[in-house]
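S.K.: My questions all concern the structure below.
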Amino acid sequence: MTVTHSPSPDAVRDFLAEAEEILEELAAQLADLADMAEGGSWDPDLLNAIFRGAHSLKGVAGMFGFSTVAEVAHNTENLLDWLRMGKVSLTSQVMELLFRSSRLLTTLLRATADATLDQHRDEIAAHADAIATCLAPPTSGGAPGVTPGQLGLPESILGALTEYEEHRLRENIGQGRQLCLIHTSFDLGTFDQELGGLTEQLKGYGELISTLPSMGENSQTNIDFELLLGSLRPLAELQELLAGKVVAITCYGGSAGDATSVVAPALQHAPELSPTPAAGVTSPAVSSQETPPSAVVPLPDEGPSAKSMTSTVRVDIGKLDELMNIVGELVLAHSAIAAIANRMRAEGFSRMAIDLGKAAKGLERRLADLQNGVMAIRMIPLGQLYEKMSRIVRTIAREQGKKIELKLFGAETELDKLIVEHIADPLMHIIRNAIDHGIEPAERRQALGKDERGTVRLSSYQRGNHVVIEVEDDGSGIDLAKVKQKALSKGLLHDASPVSDRDALELIFLPGFSTADRITDLSGRGVGMDVVRTNIAAVSGMVDVETWPGLGSRFTIVLPITLAIIKALIISCAGRTYALPITSVVESLLLAPADIRTIENREVINLREATLPLLRLDRFLAVERIDAPLEQYVVVVGAAEKRLGLVVDDLQGQQDIVIKPLGDIFRSIRGISGAADLGDQRTILVLDAGGIITEMMRAGG
Amino acid sequence: MKTPTLLIVDDSAAMRSLMAATIETLGTVRVLQAANGFEALRILPREQIDLILTDINMPDINGLELLSFVRTNPIYRDLPVIIISTEGSRQDIDRGLSLGANEYLVKPFIPATLLELIQRLL
């Protein structure tokens, strides 16, 4: 069945955002479930939450006409339904199938976004078959001897149970748990928080099977609830826990004896609102009609409440981009006004020039506030990304049978949401590589005298206007000889002998390079480190790698805190002006032509005992030079180990710039990451140092 | 005549928006949304609701529990309720009907079906 009208692009975006959210949650919950299952038992609520995730996904995907996603979600939901209903047991194969389902759904959602669904037909069919195999008729219905009806539970409760809740009720009965019906009454104004708090408490005591709202005696001010709880713990504990908070507790069944009915004894202030249940013998609580229980014993301010959710606003990142763009334009407009004020003052003293200057200053301060405010909205802690990574590490470790410990540092470091989104995939790829190629199998580690558990360290911190993210592993390190050999065999290198170790490491970032001898599930997906570098460069970031044979490797990513406005060094060369993000600039110096030497046809200078290769920017960009400059500068770019000296004509100082992406036509041009407006009607190109370094490696290698 | 007010109860925001957008094509309706049973219970006493559309499978307070509350409460007893669920939950739909749901919708549904049901019940 399909939708007869196409949902609007806005609605589709809503769907994609929600589906993505559901899938992320699903993956996290599955990892938790796998952990619990390893321990032998799991929380039925968790399994049900996972089921509900698949169920919701199926529902929305179906409604929005994404039938393929809906179909796979439907199969997954079926498996989960059988699981939660106890018709299938949670073996490691089933767990693996669930992980596979979650991965497939994520893949399909992406494929939906870029219309490549057809590539996954076989995978979908195989997945459906695998699930069908699991869903063989159950060997036993597992129905308990006692039915809920026989226990004398009120029909009003039983009639409003969903199929699943009824199953949970039977399960609880089957396990000999005592069933408690807790009657409570809350003020209409605050019931959601109070009930939320109570629910949380009860979940620690047993399994909350259902929550039925009912009419209170005074429906103008109060709302009542009947909470059905299954528990093995002694009733006295429950009474103590709920003292003063509920109206009545009625118990049915359980190993303690059938149909025992008790009332919380400590309810001195509670009005008696509970109707006597059909089979339970409820004695009334001590009455005092003046105050509702909620007014006497306020519940602690804990637990989820529906109210708190509304204090956050989900905003499309595009809207924030727009806003940030406007702020950027305003900053530029302000620069123009300030420049006019300066000119006016220079041309002669005038009251107006001074006033304009003052007004511009005031504007500058307010603009800075505005800029900070908008930037703060865009900032999210990297911890959100860490969660994703930790799930990925768990999944990969499970798949590879490797023992990995992920150590996380700097979860509170904040970064522009857009940048975080852009680096999620590259970061994931680096981590995958670290586990796949870096960390040795447990036996090998033991043989080497290492801890059999490999460590991946993910840390981040702010350094000035940058955020640094490091991924460090204690694996085997990168085999440079192998790297060189691979580069030779792939034709990326003609002669390996003059290539230094430092340069060899740079080879892994070349397009078409991969050190994997066999294609594994993880890294061998056709995405190389070149894509990682390109993606990071797209957000004006740099990635670098260091390695220590036998000890491990470290990838360092340096990113600007925000993309919208970044600090750049404005340079000029052969009569043209360019911007270089400050993130990539190490230092700059005056070039003394006498210092230039030539090694292997490449110009170099000595900089503090090290050889610095030079690159003449005009030649790199193939710009024609009319007359030779009197003096030139070297801008040292790079990060960590790698350095390159860009030879330019002049340094014009630092400036805030707003990077605008160039069209797709320019995407293939390496070394340029975008364009920027200088505020004086001039548009200049923004250079990408990482890209230039890679490009030079390719040309020079 | 007073503009009728509809309450959509569904834990999926995308689903709520889609339904609201569909319903708003009717023109003379006001659509309120609740993300769960709690929110619905909060809205009920404050607003003059003329029709409830509720999903069944929701955390904490499910659609059946909400429906049971509406039907047992003299203030809301006659309020039309449409329950919404997926094909796999036949038993839940049947239970909803026996609790007094006026109509049910199986996801995915055609917008026209939703509009037709609403117009019939209002």
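Following the order of the structure tokens, first chain is A, next is B, and so on, with residues numbered from 1 inside each chain and ligands from 1 in the order they appear.
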Compute the chain B side of the contact with chain A at 6 Å, counting only C-alpha atoms, and hand it back as a ChimeraX atom specification.
M.R.: /B:14-15,61,64-65,69,73,92,108,110
S.K.: What is the CA of Ile396 in chain A-CA of Asp425 in chain A distance in Å, reported with one decimal?
M.R.: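 Value for the CA of Ile396 in chain A-CA of Asp425 in chain A distance: 14.8 Å.
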S.K.: Per DSSP on the backbone, filter range 25-117 of chain B down to the residues in helix (DSSP H, G or I) and report them as JSON, numbers by chain.
M.R.: {"B": [37, 38, 39, 40, 41, 42, 43, 63, 64, 65, 66, 67, 68, 69, 70, 71, 72, 87, 88, 89, 90, 91, 92, 93, 94, 95, 96, 97, 98, 99, 111, 112, 113, 114, 115, 116, 117]}
S.K.: A:Leu97, A:Val499, A:Leu590, A:Leu158: which is nearest Leu99 in chain B, counting only C-alpha atoms?
M.R.: A:Leu158
S.K.: Taking only chain B into account, list the residues labelled strand (DSSP E) by DSSP (computed from the backbone), as a list in words.
M.R.: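 Everything in chain B that counts as strand (DSSP E) is Thr5, Leu6, Leu7, Ile8, Val9, Arg30, Val31, Leu32, Gln33, Ala34, Leu51, Ile52, Leu53, Thr54, Asp55, Val81, Ile82, Ile83, Ile84, Ser85, Thr86, Glu103, Tyr104, Leu105, Val106 and Lys107 of chain B.
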S.K.: Which residues are close to Thr22 in chain B, i.e. within 9 Å by only C-alpha atoms, leaving aside same-chain residues fewer than 6 positions away? Reply as a CSV table (one decimal) with N, CA and C atoms, in the first residue's frame.
M.R.:
chain,number,residue,atom,x,y,z
B,111,PRO,N,-4.3,9.3,3.0
B,111,PRO,CA,-4.8,10.5,3.6
B,111,PRO,C,-6.3,10.6,3.5
B,112,ALA,N,-6.8,10.2,2.3
B,112,ALA,CA,-8.3,10.4,2.0
B,112,ALA,C,-9.1,9.6,3.1
B,114,LEU,N,-8.3,8.8,6.1
B,114,LEU,CA,-8.2,9.6,7.4
B,114,LEU,C,-9.2,10.7,7.4
B,115,LEU,N,-9.2,11.5,6.3
B,115,LEU,CA,-10.1,12.6,6.2
B,115,LEU,C,-11.6,12.2,6.2
S.K.: Within 9 Å of Ile570 in chain A, counting only C-alpha atoms, which residues qualify if same-chain residues fewer than 2 places away don't, as a ChimeraX atom specification?
M.R.: /A:568,572,577-581,650-655
S.K.: Do you know which residues are at most 6 Å from Leu6 in chain B counting only C-alpha atoms, after dropping those on the same chain fewer than 4 positions away, and could you put them as number ranges by chain?
M.R.: B: 31-32, 49-52
S.K.: Using only C-alpha atoms for the distances, tell me which of B:Ala21, B:Ala35, B:Leu117, B:Leu67 is nearest to Leu79 in chain B.
M.R.: B:Leu67
S.K.: B:Ile75, B:Ala34, B:Ile56, B:Val70: which is nearest Ile93 in chain B, counting only C-alpha atoms?
M.R.: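 Of B:Ile75, B:Ala34, B:Ile56, B:Val70, the one nearest Ile93 in chain B, counting only C-alpha atoms, is B:Ile56.
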S.K.: Pick out the residues sitting within 6 Å of range 397-414 of chain A, and hand them over as JSON, numbers by chain; count only C-alpha atoms, and ignore anything fewer than 2 positions along from it in its own chain.
M.R.: {"A": [379, 380, 381, 382, 383, 393, 394, 395, 441, 453, 454, 455, 456, 457, 458, 459, 460, 461]}
S.K.: Given the selection you just returned, output its residues as a file containing all heavy atoms, formatted as a compact mmCIF listing (two decimals), in the first residue's frame.
M.R.:
# COMPACT_ATOMS: atom_id res chain seq x y z
N MET A 379 26.83 24.88 18.90
CA MET A 379 27.84 24.04 19.55
C MET A 379 27.22 22.83 20.21
O MET A 379 26.26 22.96 20.95
CB MET A 379 28.56 24.85 20.63
CG MET A 379 29.39 25.96 20.06
SD MET A 379 30.66 25.28 19.01
CE MET A 379 31.50 26.76 18.60
N ILE A 380 27.80 21.69 19.98
CA ILE A 380 27.36 20.52 20.73
C ILE A 380 28.60 19.84 21.32
O ILE A 380 29.68 19.90 20.74
CB ILE A 380 26.54 19.52 19.88
CG1 ILE A 380 27.34 19.06 18.67
CG2 ILE A 380 25.24 20.13 19.43
CD1 ILE A 380 26.69 17.89 17.97
N PRO A 381 28.45 19.23 22.48
CA PRO A 381 29.60 18.55 23.06
C PRO A 381 29.97 17.32 22.23
O PRO A 381 29.09 16.64 21.71
CB PRO A 381 29.12 18.15 24.46
CG PRO A 381 27.65 18.19 24.41
CD PRO A 381 27.25 19.16 23.34
N LEU A 382 31.25 17.06 22.13
CA LEU A 382 31.70 15.91 21.34
C LEU A 382 31.25 14.59 21.95
O LEU A 382 31.31 13.55 21.30
CB LEU A 382 33.22 15.94 21.21
CG LEU A 382 33.71 16.81 20.06
CD1 LEU A 382 35.20 16.99 20.12
CD2 LEU A 382 33.31 16.19 18.73
N GLY A 383 30.82 14.65 23.21
CA GLY A 383 30.32 13.45 23.89
C GLY A 383 29.26 12.74 23.05
O GLY A 383 29.18 11.52 23.03
N VAL A 393 32.69 0.89 18.14
CA VAL A 393 33.80 0.09 18.64
C VAL A 393 33.28 -1.24 19.19
O VAL A 393 33.84 -2.30 18.90
CB VAL A 393 34.58 0.86 19.72
CG1 VAL A 393 35.54 -0.06 20.45
CG2 VAL A 393 35.33 2.02 19.09
N ARG A 394 32.18 -1.18 19.93
CA ARG A 394 31.63 -2.42 20.48
C ARG A 394 31.22 -3.37 19.37
O ARG A 394 31.47 -4.58 19.41
CB ARG A 394 30.43 -2.12 21.38
CG ARG A 394 30.86 -1.78 22.80
CD ARG A 394 29.94 -0.78 23.41
NE ARG A 394 28.78 -1.38 24.03
CZ ARG A 394 27.79 -0.64 24.56
NH1 ARG A 394 27.87 0.67 24.54
NH2 ARG A 394 26.78 -1.22 25.12
N THR A 395 30.56 -2.80 18.36
CA THR A 395 30.10 -3.64 17.25
C THR A 395 31.28 -4.26 16.51
O THR A 395 31.30 -5.46 16.25
CB THR A 395 29.26 -2.80 16.27
OG1 THR A 395 28.32 -2.05 17.03
CG2 THR A 395 28.52 -3.67 15.29
N PRO A 441 45.19 -9.34 16.87
CA PRO A 441 44.29 -10.28 17.54
C PRO A 441 44.83 -10.61 18.94
O PRO A 441 46.05 -10.52 19.18
CB PRO A 441 44.35 -11.53 16.64
CG PRO A 441 44.86 -11.05 15.32
CD PRO A 441 45.71 -9.86 15.60
N ARG A 453 43.87 -7.12 25.72
CA ARG A 453 42.83 -6.14 25.40
C ARG A 453 43.49 -4.92 24.77
O ARG A 453 44.34 -4.28 25.39
CB ARG A 453 42.14 -5.75 26.72
CG ARG A 453 41.01 -4.79 26.60
CD ARG A 453 40.45 -4.51 27.97
NE ARG A 453 39.64 -5.62 28.42
CZ ARG A 453 38.31 -5.67 28.25
NH1 ARG A 453 37.68 -4.68 27.67
NH2 ARG A 453 37.62 -6.68 28.68
N GLY A 454 43.14 -4.64 23.53
CA GLY A 454 43.71 -3.47 22.85
C GLY A 454 43.03 -2.20 23.33
O GLY A 454 41.88 -2.23 23.76
N THR A 455 43.75 -1.10 23.27
CA THR A 455 43.17 0.16 23.71
C THR A 455 43.09 1.14 22.56
O THR A 455 44.04 1.32 21.81
CB THR A 455 44.03 0.79 24.83
OG1 THR A 455 44.15 -0.17 25.88
CG2 THR A 455 43.40 2.06 25.37
N VAL A 456 41.92 1.74 22.41
CA VAL A 456 41.77 2.86 21.49
C VAL A 456 41.43 4.07 22.36
O VAL A 456 40.52 4.02 23.17
CB VAL A 456 40.64 2.62 20.45
CG1 VAL A 456 40.44 3.86 19.60
CG2 VAL A 456 40.96 1.42 19.59
N ARG A 457 42.23 5.12 22.18
CA ARG A 457 42.06 6.30 23.01
C ARG A 457 41.52 7.41 22.12
O ARG A 457 42.14 7.78 21.13
CB ARG A 457 43.44 6.70 23.52
CG ARG A 457 43.50 7.33 24.86
CD ARG A 457 44.94 7.73 25.11
NE ARG A 457 44.96 9.16 25.27
CZ ARG A 457 45.04 9.76 26.45
NH1 ARG A 457 45.20 9.05 27.53
NH2 ARG A 457 45.01 11.07 26.53
N LEU A 458 40.34 7.90 22.47
CA LEU A 458 39.74 8.98 21.70
C LEU A 458 39.71 10.19 22.60
O LEU A 458 39.07 10.17 23.66
CB LEU A 458 38.33 8.56 21.27
CG LEU A 458 37.49 9.54 20.48
CD1 LEU A 458 38.18 9.96 19.20
CD2 LEU A 458 36.14 8.91 20.13
N SER A 459 40.45 11.23 22.23
CA SER A 459 40.45 12.39 23.11
C SER A 459 40.28 13.66 22.30
O SER A 459 40.59 13.71 21.11
CB SER A 459 41.74 12.43 23.93
OG SER A 459 42.85 12.31 23.10
N SER A 460 39.76 14.67 22.95
CA SER A 460 39.61 15.95 22.27
C SER A 460 39.84 17.07 23.25
O SER A 460 39.60 16.92 24.45
CB SER A 460 38.22 16.06 21.66
OG SER A 460 37.25 16.09 22.68
N TYR A 461 40.34 18.17 22.74
CA TYR A 461 40.53 19.34 23.59
C TYR A 461 40.56 20.58 22.72
O TYR A 461 40.76 20.49 21.49
CB TYR A 461 41.82 19.22 24.41
CG TYR A 461 43.06 18.93 23.60
CD1 TYR A 461 43.85 19.98 23.12
CD2 TYR A 461 43.43 17.62 23.30
CE1 TYR A 461 44.98 19.72 22.37
CE2 TYR A 461 44.56 17.35 22.54
CZ TYR A 461 45.33 18.40 22.08
OH TYR A 461 46.44 18.16 21.31
S.K.: With only C-alpha atoms as the counted atoms, please give the residues lying no more than 10 Å from Val81 in chain B, apart from itself and same-chain residues fewer than 2 positions off, as a list in words.
M.R.: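 Counting only C-alpha atoms, the residues come to Leu6, Leu7, Asp50, Leu51, Ile52, Leu53, Thr54, Leu66, Leu67, Val70, Arg71, Asp78, Leu79, Ile83, Ile84, Gly96, Leu97, Gly100, Ala101, Asn102, Glu103, Tyr104, Ile118 and Leu121 of chain B.
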S.K.: So how many Å separate CA of Asp656 in chain A and CA of Ile566 in chain A, to one decimal?
M.R.: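 Between CA of Asp656 in chain A and CA of Ile566 in chain A the gap is 5.5 Å.
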